[in-house]
Structure formats: structure tokens, C-alpha cells
Amino acid sequence: MPGERTFPFSVTRVRFLATCLVAVLCMLASPPRSSAIGALTLDIGDVLGDGWNAQGVTIAFELGATDQTLVHLQAQRLTVLPQLGALTDVAVVCRNPVVKEPRFSCTGASVTGQFGRLGRQQFTADAAYDSARGTLTFATRGLKVAGGPASINGRWLESGWAFEIHNQAARLAELRKIAAPWFELPAELSVDGRTTMTLRLTGADSLSVIEVSGKFAEVTANNHAGTLATDKLEFGLEATLKPVGTDWDVRAKIQSSSGQAYSDPVFMDFGQNPVAATLNGRWVTASGLLHLAPLDVVQQGTVSGSIAGDLDFKGASMLRDLHLELRTLQFPGAFATFIQPFLVTTAFKDFTTSGRLSGSVELDAGAPAAFDLRLEELSLDDKEGRLALKSLNGRMVWLSSARRAVAARSEPSAAEPHSHLEWQSAAIYGITGGPAQIDFAVAGADFRVLQPTRLPVFDGGLNISTLSVREFGSPQMSLRFAAELQPISMPLLCRAFGWPEFSGKLEGRIPEVNLVEDMLSLGGDLEMSAFGGQIRVNGLKLKNPLGTYPLLNANITARALDLQAVTGTFEFGEITGHLDADIRGLELFRWSPIKFDARLYTTPGDRSRHLISQRAVKNLANIGGSGGGVTAVLQKGFLRFFENFRYARLGLSCRLDNETCFMDGIEPQQGDAYYIVKGSGIPRIDIIGNAHRVNWNRLVSQLQAIQESGGPVVR
């Protein structure tokens, strides 16, 4: 019958063995001593019982000349446990049995035969029967099970029975074959190694308790997909199993001592971080569920906690409804074991970590449903300087969308779970900041800052008034953000980004930023102060901001920028004065410009000193197409003695369309020429441009070459 549990140690089976033994020993109680009779054979034939049978059973004894008595028990076929296979050609030889009422016994009996899944056996056995007490005891020596020596000891009383099976250095692969009728691992999983184990079974009419105590060595386990593997794994096992109907109550303790294990992508070295686990649960045979109530795990230097819920060994996913209680998750061990494997293909795979984490995690149907985590002095530092966080403390609470909906229906007035984090310092890609804290709520794929938050940035900061994200990671993701940028020293920002070093400070207002249906837009103008002037961005729209092909549109207006601050940063040459800029219809595709209409010109009414260096003159002339003539003029005559020249005003425009820059200056000169710089005073120098159509990529390359070469040197 499916689910029926049949054991070789029921009362009826033991009685059969006892009957055979008693029959033999009773015959010996008054053996014939006539020399005419040297042997006596009793042909029993077939014997049937409840779930067992014996065929071709004979009992014979021989009387030797020196009063030596030999008793032979033979069975052509014996089925005690069908799952183990039939025992065939079983022969038992007992020399000089003890026959003295009430004790009947045999010591050192020889047993041979084919023992089903256990293979060919030849061993010795002791057996004794006490007729007054109704007890039967036996012990074997020299059994071979799964490639290692084994022994069986047992006793039977009217009130119950007990058996102890001990094996040494048994091969796990062979034991797996023997145990297949009762317990079968997935076919794609191969297992080998050796075990020394003691198995104790007790019961009355049926099995009541199984106790297991063993040590496993050099255990290897692999699946076909390569996602599971162990190497030279060693551990000890103590377990108690009690049948409950067709199920089992399980109590077990496992402790590792050495070896490694890999379950894609997690790798564990149990020699470096030993594991001790205690299991209380129930194995439901019909459904293949292991109910954990709970499983307690301690891994040295890594994790301490418990797991309650169900593991499904027959379902598509082993993880079902689980509650994980983390007493502590210790870093750096936890990072190396459980987090780093998931980051090996990212830029954040090499972190130095410290600190602790505790709390709870819940899974519904194998998917994360909730967590409540507490962080204590958690620090991390990327070796490449991309991300660092020092002394992070606080609490993070999260609910899945389904859990949040259930909570809202059951307690509509319940407060939204809040999270709080604070840290001593932080850095990301070279941008550093001091102590800060943030209060927020996160549920499902939604995130919301609960109150205005200040994030320090270098010597300034970012004051966030609004920050919320809905349905993060989905096509329907939306975002709202608004903040104010407090003055930050430009040299610090430039060093962080690897830019040429600008002077001055950056500050401004970031209006409400919205992301709806993959389109990011500003609810107003983005205003900044930089290079001593004002910069305004309006009409900003960014399509597909997180995708492969982002497209940005914007208009940029700059007023009264300090030219000396701008040009002093680059190897372009120095220019003093102030500059206005208008960039209309800017389009960036994958962050490269494909279209714009830009005009740069001297700020109207600017009364500051206007000077331009020889290097700047030459580079501007090269851009306008008259570089050769200007260089010749500067290299001859008295102009070569001047480092700087005065100018009245300057300007340059570029309308980019179809990879062509249509260029112009501040006013026409003769013919198609135009002024880029209109000189003033003595000596006077004008820069005239004559290139109206320039390939954009060529122009960019030219500007890059000027920057990298440091510009021309005029002698």
C-alpha cells in the first residue's frame, strides 16, 4: 500500500526467528546418542507470516565423535523486508549450542547467504533465548554494508524490542542505493563520501523511535547543472526520528568541521567558518514538505539565527513560507559569504566591511514578503574608492505590495512602517559628506522620504525637500524630487569627477523633478551659481533616463560668467571679462550632442578689464579657420613681444545640425568673414573667422587636441 511503512522488527517477525531457534534448541535438549543415528534433519518447508515468508526451510543437527554438536539452519528464500530484497541461500551453522532450560543460546554461529541489497554476506552471530522471561537477544560481527564493516545487536521482549546497527567507513553512494526504497534523493544529484554511523531502533508492535549518531567525511555532492557542489565536507550528525502516521517528527543536530560547499552563487568554507545547526520539525512524506519548527543555525563569524516554516523538496522552488529570525549577521564574514557572490559581475564586488545586522525576514510562496532589520555600526569601503559608508546605524522596515494591501484591509488606521538611518560619513565616486540621517518609508517598489533631509556634500550640502519613487524598476516607475544645493567649492567637485579644476562655488535650486512613463522633466527652472555668474536650465526633458538610449532636451542660459575663471581652468589660454551664453534646442542622444543653437558673447555693458592671451588668440583663430594667418602675424614683428591683448568684445556661435556646425561671430567683416574677437587699443588685434561649415566631430577632436597639447607656444 502506498505510504505503508514495513519494518523487519515487528513482533511477528521476531517470533518467527525465536520459533526457529527454540525448535532447534528443543531438539537438542534430548538428542539421540545411538551411534546408528549421527544426523537428524527437520524439513519445515514454507512458513508464511504477516508481511514475511520463508521458503525451503530445513533444520539439521550432527553429532560428532567428541560430543561436538553442529546445528544447520537453511532457507532457500527469505523475505523479511521486501524493500531490502529477498535473502537467498541463507545458511546458519551453530557449533555446540547451549541447551539448558530456560536458556537456549548459540555463540559464534556462521551465517552466509545473499542478503538482497546488502549483497553477499558471510559473518558470525550470537543468539540467546530465555524461555522464562521470553527474551531473545542477538549480535552479529563481520557484516559488510556499503563497503565497510557493520554489526547488528538486538533484543526482544514481550513489551518491546530494540536494535542497534553500527557501520564504519560506509560509502554514501552505496548506502543511497540501499536506502532508495525508503528515502530517495533527486536523480540529478550525485553523492559520495564515507560515514561511520550508529543506528538505534526501538518499538513494540511497530517502530516507535529511530536514533542516528554518525560522522561523515569527504562528502561530495554535485548536480548536473553545476549549481550545487561540496568538496571534502565533514560533519557530525545526531538525530531522532519518530513516526507519526505516515510522517516523521525529526530532531537533529549537525555540526561541520571542515570542507567547502557551493550553492550557486554562495560559497562556504566550513573549515574557516564552522556551522552548527539544530532542527526541530516534521517530514511530511506525501507532499515532500519539511516543516521547520524551527531550524537554528550558527555559523562562526557569519550568522546566528533560526528559520521556521516549510521547505518543499518536491516543488519547483524549495523555499516556501519561511520566517528567518536573525540574531546577528556579522560582517565581514556575512558579506564574503552571502552578498559578495551576487556582486562579482558588478563594480562593487570588492568591499571592506564591518559591523552587525539583526532582525527578521519573511518569505511567502518563496518570494520576499517583509523584513525588519537593525543595523549596528555597519561600515563598508570599496577598494576603488567608488563607495564608502562609515558607522551606519538604524532600522529598515519593508513590506511587499501584497503584505501592505493585507495590512491596510485588516488595520486601515495602522501607521505606515517607518525606517531611519544615520551615518558618520559617506562617499560616492569621490563625493564625500559628513554625518547625516534620513527618515523614510519603503513598501513594495515604493520609496518616500518622510521629512526634509540634508545630505552633506564636501563643504556644502543638498537639502532635499521632496523625494519619492513609485513602482521602482517597472515601466510604470515614477519619481518626484526637489532640493536646494548649498554652496559647494568647485575645486572639490572637479577633483572628485576628474575634471579640470574650476574656481568658485556651485549652488542653486533644483525644482520639482518628475519621472512619469519613462519621461523625466522639471516642474520649473534649474538655477545655479557658478563661475561668478548665473546659469539657468529650462525646458529640461529626459526620455528613457535609465535605458540604453537616453534622449535629453533642454535650453541653457548663462549670464555674466567670469571668463578668467572659465578659461583659467583649461589649457586654452587666458581671457578676462564676462561672458553670456544662450543654448537653445539642446538635444543629447546617449549623452552626446546631436542638435543645438549656441551663442557665446561678451556680456552687454560689461565694464571689467578685457584681455586675451596669445595662446587664446591662436586657439580661437584655429577654431574660426584663420589660425595660420594669425600665427604668422604673432610670430613676426613687435606683436610677438606682447603676452596679452586688449579687446572690445568677442563672440562665437554654432548651430549644430546633422553633424555639421554652422558657425558665425559677433558681426560680419568683409565678404563671408566674421569677427570672433574685435580688438581695442594699441596694440590691437582682431580675430577673423571664415569657416562657416565645420564637421562637428572634427571640431570636437580639435578642441580635445588643444586641451591635451596645452596649446601653441608663440616665439
# chains A, B, ... in the order shown; residues from 1 in each chain; ligands from 1
>>> residues_around(residues="Ala225 of chain A", least_positions_apart="6", cutoff="12 Å", atoms="only C-alpha atoms", output="list of chain:residue names")
A:Glu188, A:Leu189, A:Ser190, A:Ser263, A:Asp264
>>> write_last_selection(atoms="N, CA and C atoms", output="compact mmCIF listing (two decimals), in the first residue's frame")
# COMPACT_ATOMS: atom_id res chain seq x y z
N GLU A 188 19.17 13.88 -10.29
CA GLU A 188 20.27 14.67 -10.85
C GLU A 188 21.36 14.99 -9.83
N LEU A 189 21.18 14.54 -8.58
CA LEU A 189 22.15 14.81 -7.53
C LEU A 189 22.99 13.57 -7.26
N SER A 190 24.30 13.70 -7.43
CA SER A 190 25.21 12.60 -7.11
C SER A 190 25.87 12.90 -5.77
N SER A 263 26.51 26.59 -3.39
CA SER A 263 25.15 26.58 -3.92
C SER A 263 24.98 27.90 -4.65
N ASP A 264 24.99 27.83 -5.96
CA ASP A 264 25.09 28.99 -6.83
C ASP A 264 24.25 30.18 -6.34
>>> residues_around(residues="Val537 of chain A", least_positions_apart="4", cutoff="7 Å", atoms="only C-alpha atoms", output="JSON, numbers by chain")
{"A": [525, 526, 527, 554, 555, 556, 557]}
>>> write_last_selection(atoms="N, CA and C atoms", output="PDB file, in the first residue's frame")
ATOM      1  N   ASP A 525      12.458  76.014 -13.464  1.00  0.00           N
ATOM      2  CA  ASP A 525      13.805  76.231 -13.969  1.00  0.00           C
ATOM      3  C   ASP A 525      14.840  75.753 -12.952  1.00  0.00           C
ATOM      4  N   LEU A 526      15.866  75.110 -13.471  1.00  0.00           N
ATOM      5  CA  LEU A 526      17.003  74.720 -12.654  1.00  0.00           C
ATOM      6  C   LEU A 526      17.977  75.892 -12.624  1.00  0.00           C
ATOM      7  N   GLU A 527      18.254  76.403 -11.429  1.00  0.00           N
ATOM      8  CA  GLU A 527      19.083  77.589 -11.295  1.00  0.00           C
ATOM      9  C   GLU A 527      20.342  77.255 -10.501  1.00  0.00           C
ATOM     10  N   ALA A 554      16.832  70.417 -23.663  1.00  0.00           N
ATOM     11  CA  ALA A 554      16.902  71.499 -22.682  1.00  0.00           C
ATOM     12  C   ALA A 554      17.297  72.795 -23.362  1.00  0.00           C
ATOM     13  N   ASN A 555      17.069  73.904 -22.661  1.00  0.00           N
ATOM     14  CA  ASN A 555      17.582  75.226 -23.018  1.00  0.00           C
ATOM     15  C   ASN A 555      18.438  75.715 -21.854  1.00  0.00           C
ATOM     16  N   ILE A 556      19.579  76.315 -22.168  1.00  0.00           N
ATOM     17  CA  ILE A 556      20.505  76.765 -21.132  1.00  0.00           C
ATOM     18  C   ILE A 556      20.830  78.243 -21.358  1.00  0.00           C
ATOM     19  N   THR A 557      20.726  79.002 -20.285  1.00  0.00           N
ATOM     20  CA  THR A 557      21.065  80.420 -20.332  1.00  0.00           C
ATOM     21  C   THR A 557      22.093  80.714 -19.245  1.00  0.00           C
TER      22      THR A 557
END
>>> residues_around(residues="Pro149 of chain A", least_positions_apart="2", cutoff="9 Å", atoms="only C-alpha atoms", output="number ranges by chain")
A: 141-147, 151, 166-170
>>> select_by_dssp(residues="segment 97-158 of chain A", states="strand (DSSP E or B)", output="ChimeraX atom specification")
/A:98-100,103-115,120-130,135-141,143-145,148-157
>>> residues_around(residues="segment 477-493 of chain A", least_positions_apart="3", cutoff="6 Å", atoms="only C-alpha atoms", output="number ranges by chain")
A: 459-472, 474, 496, 501-516
>>> atom_distance(atom1="atom CA of Pro417 of chain A", atom2="atom CA of Ala402 of chain A")
14.7 Å
>>> closest_residue(among="A:Ala316, A:Ala39, A:Leu387, A:Ile688", to="Phe61 of chain A", atoms="only C-alpha atoms")
A:Ala39
>>> residues_around(residues="Pro368 of chain A", least_positions_apart="6", cutoff="8 Å", atoms="only C-alpha atoms", output="compact mmCIF listing (two decimals) with N, CA and C atoms, in the first residue's frame")
# COMPACT_ATOMS: atom_id res chain seq x y z
N VAL A 361 13.26 38.32 8.50
CA VAL A 361 12.92 38.30 7.08
C VAL A 361 11.84 37.26 6.88
N GLU A 362 10.83 37.58 6.06
CA GLU A 362 9.74 36.63 5.80
C GLU A 362 9.57 36.41 4.31
N SER A 400 6.10 43.81 1.26
CA SER A 400 5.75 43.64 -0.14
C SER A 400 4.41 44.29 -0.40
>>> select_by_dssp(residues="segment 278-432 of chain A", states="helix (DSSP H, G or I)", output="ChimeraX atom specification")
/A:333-343,401-410
>>> write_last_selection(atoms="N, CA and C atoms", output="PDB file, in the first residue's frame")
ATOM      1  N   GLY A 333      32.336  38.552   7.498  1.00  0.00           N
ATOM      2  CA  GLY A 333      32.025  37.189   7.084  1.00  0.00           C
ATOM      3  C   GLY A 333      30.746  37.075   6.281  1.00  0.00           C
ATOM      4  N   ALA A 334      29.701  37.788   6.706  1.00  0.00           N
ATOM      5  CA  ALA A 334      28.422  37.713   6.008  1.00  0.00           C
ATOM      6  C   ALA A 334      28.518  38.283   4.601  1.00  0.00           C
ATOM      7  N   PHE A 335      29.292  39.356   4.436  1.00  0.00           N
ATOM      8  CA  PHE A 335      29.447  39.928   3.091  1.00  0.00           C
ATOM      9  C   PHE A 335      30.139  38.947   2.162  1.00  0.00           C
ATOM     10  N   ALA A 336      31.245  38.355   2.617  1.00  0.00           N
ATOM     11  CA  ALA A 336      32.003  37.431   1.770  1.00  0.00           C
ATOM     12  C   ALA A 336      31.188  36.204   1.401  1.00  0.00           C
ATOM     13  N   THR A 337      30.339  35.741   2.315  1.00  0.00           N
ATOM     14  CA  THR A 337      29.599  34.500   2.082  1.00  0.00           C
ATOM     15  C   THR A 337      28.295  34.720   1.334  1.00  0.00           C
ATOM     16  N   PHE A 338      27.497  35.688   1.773  1.00  0.00           N
ATOM     17  CA  PHE A 338      26.124  35.788   1.276  1.00  0.00           C
ATOM     18  C   PHE A 338      25.870  36.946   0.307  1.00  0.00           C
ATOM     19  N   ILE A 339      26.721  37.974   0.295  1.00  0.00           N
ATOM     20  CA  ILE A 339      26.449  39.159  -0.524  1.00  0.00           C
ATOM     21  C   ILE A 339      27.410  39.270  -1.696  1.00  0.00           C
ATOM     22  N   GLN A 340      28.692  39.124  -1.437  1.00  0.00           N
ATOM     23  CA  GLN A 340      29.694  39.298  -2.487  1.00  0.00           C
ATOM     24  C   GLN A 340      29.453  38.399  -3.707  1.00  0.00           C
ATOM     25  N   PRO A 341      29.005  37.127  -3.528  1.00  0.00           N
ATOM     26  CA  PRO A 341      28.773  36.293  -4.722  1.00  0.00           C
ATOM     27  C   PRO A 341      27.784  36.886  -5.714  1.00  0.00           C
ATOM     28  N   PHE A 342      26.855  37.706  -5.237  1.00  0.00           N
ATOM     29  CA  PHE A 342      25.867  38.313  -6.132  1.00  0.00           C
ATOM     30  C   PHE A 342      26.392  39.592  -6.788  1.00  0.00           C
ATOM     31  N   LEU A 343      27.593  40.036  -6.391  1.00  0.00           N
ATOM     32  CA  LEU A 343      28.153  41.283  -6.918  1.00  0.00           C
ATOM     33  C   LEU A 343      29.380  41.063  -7.783  1.00  0.00           C
ATOM     34  N   SER A 401       4.100  44.487  -1.682  1.00  0.00           N
ATOM     35  CA  SER A 401       2.813  45.111  -2.028  1.00  0.00           C
ATOM     36  C   SER A 401       1.646  44.284  -1.506  1.00  0.00           C
ATOM     37  N   ALA A 402       1.763  42.955  -1.598  1.00  0.00           N
ATOM     38  CA  ALA A 402       0.681  42.087  -1.122  1.00  0.00           C
ATOM     39  C   ALA A 402       0.512  42.203   0.387  1.00  0.00           C
ATOM     40  N   ARG A 403       1.640  42.200   1.120  1.00  0.00           N
ATOM     41  CA  ARG A 403       1.561  42.338   2.572  1.00  0.00           C
ATOM     42  C   ARG A 403       0.979  43.698   2.965  1.00  0.00           C
ATOM     43  N   ARG A 404       1.385  44.729   2.243  1.00  0.00           N
ATOM     44  CA  ARG A 404       0.878  46.065   2.549  1.00  0.00           C
ATOM     45  C   ARG A 404      -0.636  46.130   2.332  1.00  0.00           C
ATOM     46  N   ALA A 405      -1.116  45.491   1.266  1.00  0.00           N
ATOM     47  CA  ALA A 405      -2.557  45.502   0.990  1.00  0.00           C
ATOM     48  C   ALA A 405      -3.330  44.758   2.075  1.00  0.00           C
ATOM     49  N   VAL A 406      -2.788  43.622   2.519  1.00  0.00           N
ATOM     50  CA  VAL A 406      -3.440  42.851   3.582  1.00  0.00           C
ATOM     51  C   VAL A 406      -3.483  43.662   4.868  1.00  0.00           C
ATOM     52  N   ALA A 407      -2.354  44.322   5.192  1.00  0.00           N
ATOM     53  CA  ALA A 407      -2.298  45.133   6.409  1.00  0.00           C
ATOM     54  C   ALA A 407      -3.284  46.294   6.348  1.00  0.00           C
ATOM     55  N   ALA A 408      -3.425  46.897   5.166  1.00  0.00           N
ATOM     56  CA  ALA A 408      -4.348  48.029   5.019  1.00  0.00           C
ATOM     57  C   ALA A 408      -5.795  47.585   5.207  1.00  0.00           C
ATOM     58  N   ARG A 409      -6.133  46.377   4.732  1.00  0.00           N
ATOM     59  CA  ARG A 409      -7.511  45.883   4.889  1.00  0.00           C
ATOM     60  C   ARG A 409      -7.810  45.509   6.336  1.00  0.00           C
ATOM     61  N   SER A 410      -6.842  44.912   7.002  1.00  0.00           N
ATOM     62  CA  SER A 410      -7.090  44.457   8.367  1.00  0.00           C
ATOM     63  C   SER A 410      -7.013  45.600   9.375  1.00  0.00           C
TER      64      SER A 410
END
>>> atom_distance(atom1="atom CA of Trp52 of chain A", atom2="atom CA of Pro82 of chain A")
8.1 Å
>>> residues_around(residues="segment 209-213 of chain A", least_positions_apart="3", cutoff="8 Å", atoms="only C-alpha atoms", output="PyMOL selection string")
chain A and resi 197-203+236-243
>>> closest_residue(among="A:Val284, A:Leu450, A:Leu378, A:Val71", to="Ser425 of chain A", atoms="only C-alpha atoms")
A:Leu378
>>> atom_distance(atom1="atom CA of Lys100 of chain A", atom2="atom CA of Leu63 of chain A")
17.6 Å
